[in-house]
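Heads up: the structure comes next, in structure tokens.
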Amino acid sequence: MTNKTALITGVTGQDGAYLAELLLEKGYTVHGIKRRSSSFNTGRIEGIYQDPHVADARFHLHYGDLTDSTNLIRIVQETQPDEIYNLAAQSHVAVSFETPEYTANADGIGTLRLLEAIRILGMEKETRFYQASTSELYGLVQEVPQRETTPFYPRSPYAAAKLYAYWIVVNYREAYGMHASNGILFNHESPLRGETFVTRKITRAAAAIKLGRQDKLWLGNLDAKRDWGHAREYVRGMWLMLQQAEADDYVLATGETTPVRTFVEWAFADVGIALRWEGEGEAEKGYCTDTGRCLVEVDPRYFRPTEVDLLIGDPTKAKEKLGWVHETSPRDLAREMVEADLKIMRDAPIGKGV
Ligand code: NDP
Ligand code: GDR
């Protein structure tokens with residue numbers, strides 16, 4: 001057990017929840033930054049929430065935002081973290097085309113604000129920093145599989161913002177000797193995945209359609225291929241990066257890629273619905289049952305102005321230097337997510353995915 005202190009931005013998100021749980025298990029005192037919201041946004045961390053009135057509480061939440069420098073400086077000063085995990089971001093690629101300036105501010109400049117907070121407080125030699133970098137940096141395919149040395153070619157405002165964040169982390173490492181690392185993480189999912197990312201949208205819909213609570217699922221590009229791993233395993237890789245003597249940049253991936261349409265087929269098979277691909281024109285194509293009910297159809301509104309067609313990562317460096325390996329295959333991940341959504345939906349009603 002350790003007595004270290006960690007600060008997690010984005011603690012209410014998928015990765016933040018798994019990472020907070022892992023660090024608490026290891027004995028850390030964990031501070032998390034959450035945004036003010038008009039509705040509850042702490043659902044994912046309910047299981048680890050500790051009443052602040054309890055004397056030995058090790059999990060603490062602070063209101064904050066990556067667009068607010070003074071707030072970040074104050075929180076870093078108050079919490080004096082040994083390790084900072086910067087997971088907060090406007091993380092939806094499609095939404096970044098709608099809100100490019102905000103995405104640049106939160107995802108790009110937000111990372112700079114946090115690095116500057118460390119420097120202003122004179123903590124650059126003590127505090128270790130993890131940056132949530134992404135396989136979206138690879139964008140337009142330059143090399144397969146993608147590894148740490150593969151050139152970047154961002155294809156969205158999200159990826160362009162994360163490109164700035166990646167390089168400012170490298171620069172602060174080189175300029176100020178900071179222990180600052182980029183985890184270039186390929187897609188990772190779980191039952192805690194945000195409901196509008198494609199895997200969760202599919203598993204929720206498969207469960208809802210099975211239970212008669214939804215008629216149809218509308219999706220965008222079914223031919224994109226992604227390297228999907230399990231979020232619980234990837235947060236362990238983040239922690240491992242900050243335990244190394246030297247800071248560095250690492251790819252975390254499974255090395256296996258799957259088309260979105262295959263994930264659809266898996267999820268519906270897992271709820272016991274057999275689907276067949278049918279249709280004439282592009283917009284009319286869909287997945288239909290033997291009785292002619294089309295349950296999954298394509299809506300071009302979900303197409304992105306520029307798409308990332310193929311992601312497949314090479315995690316060799318992480319394996320050799322960190323001893324990190326993934327365990328869950330994309331097929332088992334789909335099964336786990338479907339089972340979790342069936343359970344959630346049997347217990348409570350839901351709205352439709354968008
Ligand atoms: P989520 O979208 O689930 O979580 C994002 C978190 O950031 C949430 O806690 C959100 O708060 C918070 N947040 C958003 N904007 C701000 C802001 N301006 N200030 C403070 N907090 C903010 O993402 P994931 O957990 O899936 O991903 C974690 C990080 O890893 C992100 O940076 C993402 O871009 C990156 N990443 C994710 C991958 C994946 O496959 N999951 C792969 C590679 C990188 P709220 O809950 O209130 O919305
Ligand atoms: P991605 O994840 O863009 O890879 O970013 P997402 O699940 O949103 O899309 C994956 C692929 O599926 C296609 N797609 C759809 N996507 C969504 N969201 N909704 C749909 O209806 C739909 N139909 C098809 C997309 O076009 C895309 O090709 C995720 C995020 O977690 C980022 O923060 C992270 O950096 C990267 O993964 C790695």
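FYI, nothing fancy with the structure tokens labels: chains A, B, ... in order, residues from 1 per chain, ligands from 1 as they appear.
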
Open item on the list: Which residues are close to segment 203-220 of chain A, i.e. within 10 Å by only C-alpha atoms, leaving aside same-chain residues fewer than 5 positions away? Reply as number ranges by chain.
Closed with: A: 191, 195-196, 198, 260-261, 263-273, 286-287, 293-304, 334-346, 349-354

So that I can see what lies close to Asn105 of chain A, please list as a short mmCIF file (atom, residue, chain, number, x, y, z; two decimals) with N, CA and C atoms, in the first residue's frame the residues with an atom at most 12 Å from it, counting only C-alpha atoms and leaving out residues fewer than 4 positions away in the same chain.
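And here's around_2.cif as it stands now:
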data_model
loop_
_atom_site.label_atom_id
_atom_site.label_comp_id
_atom_site.auth_asym_id
_atom_site.auth_seq_id
_atom_site.Cartn_x
_atom_site.Cartn_y
_atom_site.Cartn_z
N ASP A 65 -12.85 23.07 -13.71
CA ASP A 65 -13.04 22.99 -15.16
C ASP A 65 -11.69 23.27 -15.83
N LEU A 66 -11.42 22.53 -16.88
CA LEU A 66 -10.14 22.70 -17.57
C LEU A 66 -10.04 24.05 -18.30
N THR A 67 -11.15 24.76 -18.39
CA THR A 67 -11.10 26.07 -19.04
C THR A 67 -10.84 27.19 -18.03
N ASP A 68 -10.59 26.84 -16.76
CA ASP A 68 -10.46 27.84 -15.69
C ASP A 68 -9.09 27.68 -14.99
N SER A 69 -8.13 28.51 -15.41
CA SER A 69 -6.75 28.36 -14.89
C SER A 69 -6.65 28.55 -13.39
N ALA A 88 -9.74 14.62 -18.29
CA ALA A 88 -10.88 15.45 -18.68
C ALA A 88 -10.76 15.88 -20.13
N ALA A 89 -11.86 15.82 -20.85
CA ALA A 89 -11.87 16.30 -22.23
C ALA A 89 -13.29 16.29 -22.76
N GLN A 90 -13.53 17.15 -23.75
CA GLN A 90 -14.70 16.97 -24.62
C GLN A 90 -14.26 15.82 -25.52
N SER A 96 -17.04 17.22 -31.66
CA SER A 96 -15.98 18.23 -31.82
C SER A 96 -16.13 19.01 -33.12
N THR A 99 -18.54 21.71 -31.94
CA THR A 99 -18.00 22.64 -30.93
C THR A 99 -16.47 22.66 -31.00
N PRO A 100 -15.93 23.07 -32.15
CA PRO A 100 -14.46 22.97 -32.32
C PRO A 100 -13.68 23.90 -31.40
N GLU A 101 -14.21 25.11 -31.18
CA GLU A 101 -13.46 26.06 -30.36
C GLU A 101 -13.43 25.61 -28.90
N ILE A 109 -5.77 23.59 -24.83
CA ILE A 109 -5.27 24.60 -23.88
C ILE A 109 -5.47 24.13 -22.43
N GLY A 110 -6.51 23.33 -22.20
CA GLY A 110 -6.74 22.81 -20.84
C GLY A 110 -5.52 22.04 -20.33
N THR A 111 -4.89 21.28 -21.22
CA THR A 111 -3.69 20.52 -20.84
C THR A 111 -2.56 21.47 -20.49
N LEU A 112 -2.41 22.52 -21.29
CA LEU A 112 -1.39 23.54 -21.00
C LEU A 112 -1.64 24.19 -19.64
N ARG A 113 -2.91 24.50 -19.37
CA ARG A 113 -3.23 25.16 -18.08
C ARG A 113 -2.79 24.31 -16.90
N PRO A 157 -11.50 18.16 -35.22
CA PRO A 157 -11.09 19.19 -34.24
C PRO A 157 -10.65 18.55 -32.93
N TYR A 158 -11.28 17.45 -32.56
CA TYR A 158 -10.87 16.73 -31.34
C TYR A 158 -9.42 16.28 -31.46
N ALA A 160 -7.11 17.31 -33.51
CA ALA A 160 -6.17 18.44 -33.63
C ALA A 160 -5.90 19.04 -32.25
N ALA A 161 -6.92 19.12 -31.41
CA ALA A 161 -6.73 19.65 -30.04
C ALA A 161 -5.83 18.71 -29.24
N LYS A 162 -6.06 17.40 -29.40
CA LYS A 162 -5.25 16.41 -28.67
C LYS A 162 -3.81 16.38 -29.20
N TYR A 164 -2.11 19.08 -30.09
CA TYR A 164 -1.45 20.15 -29.32
C TYR A 164 -1.11 19.64 -27.92
N ALA A 165 -2.08 18.98 -27.29
CA ALA A 165 -1.86 18.50 -25.92
C ALA A 165 -0.68 17.51 -25.89
#

- [ ] Take atom CA of His326 of chain A and atom 6 (C, counted along the ligand's line) of ligand 1 and report the distance between them in Å, one decimal.
- [x] 22.7 Å

Could you make a table, as a tab-separated table, of the residues of chain A that have an atom within 6 Å of an atom of ligand 1, each with its nearest atom pair and distance in Å to one decimal, counting only C-alpha atoms and all ligand atoms, in chain and number order?
residue	atom	partner	partner_atom_place_in_ligand_line	distance
A:Gly10	CA	ligand 1	9 (O)	3.3
A:Val11	CA	ligand 1	9 (O)	4.9
A:Thr12	CA	ligand 1	9 (O)	3.8
A:Gly13	CA	ligand 1	4 (O)	3.3
A:Gln14	CA	ligand 1	25 (O)	3.7
A:Asp15	CA	ligand 1	25 (O)	3.8
A:Gly16	CA	ligand 1	25 (O)	5.7
A:Lys34	CA	ligand 1	21 (N)	6.0
A:Arg35	CA	ligand 1	47 (O)	5.0
A:Asn41	CA	ligand 1	46 (O)	5.3
A:Asp65	CA	ligand 1	19 (N)	3.5
A:Leu66	CA	ligand 1	19 (N)	3.9
A:Thr67	CA	ligand 1	18 (N)	5.6
A:Leu87	CA	ligand 1	29 (C)	4.1
A:Ala88	CA	ligand 1	7 (O)	3.3
A:Ala89	CA	ligand 1	14 (C)	4.2
A:Gln90	CA	ligand 1	15 (N)	4.7
A:Ser91	CA	ligand 1	34 (O)	4.0
A:Ala106	CA	ligand 1	18 (N)	4.8
A:Ala132	CA	ligand 1	30 (O)	4.6
A:Ser133	CA	ligand 1	44 (C)	5.2
A:Thr134	CA	ligand 1	43 (C)	3.9
A:Leu185	CA	ligand 1	43 (C)	4.4
A:Phe186	CA	ligand 1	42 (C)	5.0
A:Asn187	CA	ligand 1	40 (O)	3.3
A:His188	CA	ligand 1	40 (O)	4.0
A:Gly194	CA	ligand 1	3 (O)	5.5

Task: Nearby residues (only C-alpha atoms) at most 8 Å from Gln146 of chain A, same-chain spacing under 4 positions excluded, as a ChimeraX atom specification - done: /A:138,150,311-314

Restricting the output to N, CA and C atoms, write the selected residues as an mmCIF file, in the first residue's frame.
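Result file is part_28.cif:
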data_model
loop_
_atom_site.group_PDB
_atom_site.id
_atom_site.type_symbol
_atom_site.label_atom_id
_atom_site.label_comp_id
_atom_site.auth_asym_id
_atom_site.auth_seq_id
_atom_site.Cartn_x
_atom_site.Cartn_y
_atom_site.Cartn_z
ATOM 1 N N TYR A 138 -3.559 9.410 -35.029
ATOM 2 C CA TYR A 138 -3.059 8.761 -36.248
ATOM 3 C C TYR A 138 -3.943 9.072 -37.451
ATOM 4 N N THR A 150 4.716 6.091 -35.436
ATOM 5 C CA THR A 150 3.879 6.340 -36.616
ATOM 6 C C THR A 150 3.531 7.836 -36.684
ATOM 7 N N LEU A 311 -8.131 1.786 -37.345
ATOM 8 C CA LEU A 311 -7.197 1.872 -36.218
ATOM 9 C C LEU A 311 -6.852 0.467 -35.760
ATOM 10 N N ILE A 312 -5.557 0.228 -35.665
ATOM 11 C CA ILE A 312 -5.074 -1.035 -35.099
ATOM 12 C C ILE A 312 -3.704 -0.746 -34.494
ATOM 13 N N GLY A 313 -3.600 -0.970 -33.196
ATOM 14 C CA GLY A 313 -2.399 -0.540 -32.484
ATOM 15 C C GLY A 313 -1.416 -1.674 -32.249
ATOM 16 N N ASP A 314 -0.159 -1.274 -32.084
ATOM 17 C CA ASP A 314 0.904 -2.230 -31.745
ATOM 18 C C ASP A 314 1.390 -1.910 -30.325
#

TODO: Select from segment 151-250 of chain A everything DSSP, run on the backbone, classes as strand (DSSP E or B), then give the selection as a PyMOL selection string.
DONE: chain A and resi 180-185+188-189+217-219+225-226+229-230+250

Taking C-alpha atoms for each residue, export the selection above as a compact mmCIF listing (two decimals), in the first residue's frame.
# COMPACT_ATOMS: atom_id res chain seq x y z
CA ALA A 180 5.15 13.84 -18.06
CA SER A 181 3.94 10.93 -20.21
CA ASN A 182 1.47 10.47 -23.05
CA GLY A 183 -0.62 7.33 -23.10
CA ILE A 184 -1.68 6.92 -26.74
CA LEU A 185 -4.71 4.82 -25.98
CA HIS A 188 -11.44 1.26 -24.80
CA GLU A 189 -14.94 0.50 -23.71
CA LEU A 217 -31.15 1.68 -34.06
CA TRP A 218 -29.81 4.37 -36.38
CA LEU A 219 -26.06 4.36 -36.96
CA LYS A 225 -12.59 -0.35 -37.98
CA ARG A 226 -11.54 0.10 -34.37
CA GLY A 229 -10.06 -2.99 -25.49
CA HIS A 230 -11.43 -2.97 -21.94
CA TYR A 250 3.26 4.50 -24.92

Task: Å distance separating atom CA of Arg193 of chain A from atom CA of Glu320 of chain A, one decimal place - done: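 A separation of 28.4 Å between them.
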
Task: Backbone-only DSSP, helix (DSSP H, G or I) members of segment 24-231 of chain A, as a ChimeraX atom specification - done: /A:24-25,43-48,69-79,93-98,100-120,135-137,157-176,198-210,231

Open item on the list: Please determine, counting only C-alpha atoms and all ligand atoms, which residue among A:Lys319, A:His92, A:Arg331, A:Arg232 has the shortest atom-to-atom distance to ligand 2.
Closed with: A:His92

Task: Straight-line distance linking atom CA of Thr79 of chain A with atom CA of Lys125 of chain A, stated in Å to one decimal - done: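 So the two atoms, atom CA of Thr79 of chain A and atom CA of Lys125 of chain A, lie 16.1 Å apart.
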